[in-house]
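This report concerns only the one structure given below.
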Amino acid sequence: MIDAISEVNLDEKFLKAHSTVPDESPVFEGHFPGNPLVPGVLMIETMAQASGIMIMHTIDFAKIPLLAGVKNAKFRDFVGPGTKLDITAEFEHEGSGFAVMNAQLHVEGKRIANAQLTYTIMPFPSEKLQNMIKDQVADMKKAALAG
Amino acid sequence: MPDTFAKVAEIIADTSEIPVEDITPESHTIDDLGIDSLDFLDIVFAVDKEFGIKIPLEKWTQNVNDGNATTEEYFVMKNLCAKIDELIEAKA
């Protein structure tokens with residue numbers, strides 16, 4: 001769901017990414033008929049992707065972070081089709097084999113969602129997946145440069 | 001150690017909803033208290049933050065998996081607290 005990654009700061013350990021909610025999606029057919037809104041779980045997924053990508057940068061994509069917990073998730077406003085989301089993910093704690101991240105979604109400078117996400121960091125199940133994720137992240141960075 | 005034990009027991013009670021009075025120095029956090037790996041992450045996070053340390057959980061897990069250590073060495077409360085005290089001392 002992330003379209004572009006505009007900044008990865010390894011010194012201050014944060015990442016900025018961007019996503020535009022599609023105008024149409026099967027999700028909106030049921031959520032809700034005639035009044036499309038992005039479900040909160042998909043906002044969490046968006047924050048989780050950004051956080052996971054941040055973690056992988058700090059370990060040179062050697063392992064994969066898997067979402068293990070979500071705390072203090074808050075959805076402060078409605079998000080509809082076409083909305084441009086700015087995503088930030090930063091470390092709360094770098095543990096041994098796990099990480100705790102704080103992530104936020106902003107729309108035009110206003111915070112509309114945030115959560116604390118816990119990850120367990122595991123070996124990649126396959127080199128193919130590892131390379132696929134590296135390629136996807138590279139594409140997201142190119143997308144940010146292309147504007 | 002007594003202070004460390006009290007703080008760790010409090011963290012476990014808060015994190016895992018285990019009554020603090022059920023936690024003793026002899027308690028095995030996994031076998032006796034039934035703490036699973038995900039709850040243990042929350043506990044390690046809270047302990048790391050409380051004491052300003054980084055529990056080497058990956059290394060401990062690897063040692064157990066490789067047969068170089070028993071779970072009792074790391075996960076019985078009195079041993080866990082002793083390891084935490086060592087990490088605090090090493091940091092000072």
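Each chain in the structure tokens gets a letter, A, B and so on, in the order shown; residues start at 1 in every chain, and ligands are counted from 1 in the order they appear.
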
Fill in: Spatial neighbours of stretch 50-53 of chain B, 12 Å, only C-alpha atoms, chain gap at least 5 places, as a PyMOL selection string
(chain A and resi 93-96) or (chain B and resi 3-4+7-8+10-11+43-45+81+83-92)

Saved selection, atoms kept: C-alpha atoms, as an mmCIF file, in the first residue's frame:
data_model
loop_
_atom_site.group_PDB
_atom_site.id
_atom_site.type_symbol
_atom_site.label_atom_id
_atom_site.label_comp_id
_atom_site.auth_asym_id
_atom_site.auth_seq_id
_atom_site.Cartn_x
_atom_site.Cartn_y
_atom_site.Cartn_z
ATOM 1 C CA HIS A 93 13.255 0.427 20.857
ATOM 2 C CA GLU A 94 15.787 -1.770 19.091
ATOM 3 C CA GLY A 95 15.780 -5.040 20.969
ATOM 4 C CA SER A 96 17.680 -8.251 20.384
ATOM 5 C CA ASP B 3 15.015 -4.757 43.660
ATOM 6 C CA THR B 4 15.537 -6.306 40.246
ATOM 7 C CA LYS B 7 10.659 -4.746 39.254
ATOM 8 C CA VAL B 8 10.754 -7.681 36.845
ATOM 9 C CA GLU B 10 5.888 -6.186 38.453
ATOM 10 C CA ILE B 11 6.592 -5.927 34.721
ATOM 11 C CA ILE B 43 8.451 -8.166 28.906
ATOM 12 C CA VAL B 44 11.937 -7.852 27.426
ATOM 13 C CA PHE B 45 10.979 -4.504 25.899
ATOM 14 C CA CYS B 81 17.324 -11.348 37.336
ATOM 15 C CA LYS B 83 21.593 -11.936 34.125
ATOM 16 C CA ILE B 84 19.831 -8.568 34.186
ATOM 17 C CA ASP B 85 22.036 -7.473 37.112
ATOM 18 C CA GLU B 86 25.121 -8.495 35.102
ATOM 19 C CA LEU B 87 23.941 -6.410 32.151
ATOM 20 C CA ILE B 88 23.265 -3.418 34.418
ATOM 21 C CA GLU B 89 26.727 -3.770 35.965
ATOM 22 C CA ALA B 90 28.389 -4.086 32.553
ATOM 23 C CA LYS B 91 26.666 -0.891 31.456
ATOM 24 C CA ALA B 92 27.833 1.112 34.497
#

Discussion item. Taking only C-alpha atoms into account and nothing else, which residues of chain A lie no more than 10 Å away from chain B? Please answer as a PyMOL selection string.
Written reply: chain A and resi 68-69+92-100+118-121

Report as a CSV table (one decimal) with C-alpha atoms, in the first residue's frame all protein, DNA and RNA residues lying within 12 Å of stretch 128-135 of chain A, evaluated on only C-alpha atoms, omitting residues in the same chain fewer than 3 positions from it.
chain,number,residue,atom,x,y,z
A,49,GLN,CA,4.8,-1.8,6.1
A,52,GLY,CA,9.0,-3.0,8.7
A,53,ILE,CA,10.9,-1.4,5.8
A,56,MET,CA,15.1,-3.8,7.3
A,57,HIS,CA,17.2,-0.8,6.4
A,60,ASP,CA,20.7,-4.3,5.6
A,61,PHE,CA,17.7,-6.5,4.6
A,62,ALA,CA,19.4,-9.5,6.1
A,63,LYS,CA,16.2,-10.6,8.0
A,64,ILE,CA,12.5,-10.0,7.8
A,65,PRO,CA,10.5,-8.2,10.5
A,122,MET,CA,13.3,-13.6,11.6
A,123,PRO,CA,15.4,-15.1,8.9
A,124,PHE,CA,13.9,-14.7,5.4
A,125,PRO,CA,12.0,-17.9,4.4
A,138,ALA,CA,14.1,0.2,-4.5
A,139,ASP,CA,11.0,0.9,-6.7
A,140,MET,CA,9.3,2.8,-3.9
A,141,LYS,CA,12.4,5.1,-3.5
A,142,LYS,CA,12.5,5.7,-7.3

Practice prompt. Excluding B:Ile35 and residues on its chain fewer than 2 positions from it, collect all residues at most 12 Å away from it, counting only C-alpha atoms, and give them as an NGL selection string.
Written response: :B and (12-13 or 15-18 or 23 or 27-33 or 37-44 or 75-76)

Discussion item. I'd like the contact shell of stretch 105-113 of chain A - 7 Å cut-off, only C-alpha atoms, skipping same-chain residues fewer than 2 positions apart - returned as a count of residues only.
Written reply: 9

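Residues surrounding stretch 40-47 of chain A within 7 Å are Met1, Ile2, Ala50, Ser51, Phe75, Ile87, Ala103 and Gln104 of chain A [only C-alpha atoms; sequence separation below 3 positions excluded].
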
Output for the residues just chosen: C-alpha atoms as a short mmCIF file (atom, residue, chain, number, x, y, z; two decimals), in the first residue's frame:
data_model
loop_
_atom_site.label_atom_id
_atom_site.label_comp_id
_atom_site.auth_asym_id
_atom_site.auth_seq_id
_atom_site.Cartn_x
_atom_site.Cartn_y
_atom_site.Cartn_z
CA MET A 1 0.00 0.00 0.00
CA ILE A 2 3.03 2.27 0.23
CA ALA A 50 6.62 1.51 6.65
CA SER A 51 7.89 0.32 10.02
CA PHE A 75 -7.83 6.50 14.25
CA ILE A 87 3.56 7.93 6.75
CA ALA A 103 4.19 5.00 13.34
CA GLN A 104 1.86 7.76 12.26
#

Excluding same-chain residues fewer than 5 positions from A:Lys16, what lies within 7 Å of it counting only C-alpha atoms, as a PDB file with N, CA, C and O atoms, in the first residue's frame?
ATOM      1  N   ILE A   5       8.857   5.970  -1.005  1.00  0.00           N
ATOM      2  CA  ILE A   5       9.647   6.218   0.209  1.00  0.00           C
ATOM      3  C   ILE A   5      10.529   7.419  -0.078  1.00  0.00           C
ATOM      4  O   ILE A   5      11.397   7.366  -0.960  1.00  0.00           O
ATOM      5  N   SER A   6      10.293   8.507   0.635  1.00  0.00           N
ATOM      6  CA  SER A   6      11.024   9.739   0.333  1.00  0.00           C
ATOM      7  C   SER A   6      12.249   9.936   1.203  1.00  0.00           C
ATOM      8  O   SER A   6      13.165  10.672   0.836  1.00  0.00           O
ATOM      9  N   GLU A   7      12.302   9.303   2.373  1.00  0.00           N
ATOM     10  CA  GLU A   7      13.464   9.498   3.254  1.00  0.00           C
ATOM     11  C   GLU A   7      13.650   8.299   4.170  1.00  0.00           C
ATOM     12  O   GLU A   7      12.689   7.819   4.778  1.00  0.00           O
ATOM     13  N   VAL A   8      14.890   7.859   4.244  1.00  0.00           N
ATOM     14  CA  VAL A   8      15.266   6.852   5.241  1.00  0.00           C
ATOM     15  C   VAL A   8      16.460   7.431   5.985  1.00  0.00           C
ATOM     16  O   VAL A   8      17.530   7.608   5.402  1.00  0.00           O
ATOM     17  N   ILE A  87       3.334   8.930   5.711  1.00  0.00           N
ATOM     18  CA  ILE A  87       3.560   7.928   6.745  1.00  0.00           C
ATOM     19  C   ILE A  87       4.931   8.143   7.358  1.00  0.00           C
ATOM     20  O   ILE A  87       5.925   8.335   6.634  1.00  0.00           O
ATOM     21  N   THR A  88       5.001   8.118   8.677  1.00  0.00           N
ATOM     22  CA  THR A  88       6.313   8.141   9.335  1.00  0.00           C
ATOM     23  C   THR A  88       6.418   6.921  10.242  1.00  0.00           C
ATOM     24  O   THR A  88       5.430   6.493  10.846  1.00  0.00           O
ATOM     25  N   ALA A  89       7.629   6.394  10.300  1.00  0.00           N
ATOM     26  CA  ALA A  89       7.899   5.257  11.179  1.00  0.00           C
ATOM     27  C   ALA A  89       9.229   5.499  11.858  1.00  0.00           C
ATOM     28  O   ALA A  89      10.215   5.830  11.192  1.00  0.00           O
TER      29      ALA A  89
END

Discussion item. Could you pull out the strand (DSSP E) residues of chain A, going by DSSP on the backbone, and write them as a ChimeraX atom specification?
Written reply: /A:4-9,14-20,63-75,84-94,98-107,110-123

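As for atom CA of A:Pro81 and atom CA of A:Ser25, they are spaced 8.6 Å apart.
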
Worksheet item: Where does DSSP see alpha helix (DSSP H) in chain A, if you list the residues as a PyMOL selection string?
Response: chain A and resi 26-30+40-58+127-146

Worksheet entry | Length of the atom CA of B:Val20 to atom CA of B:Asn65 vector [Å] | 29.3 Å
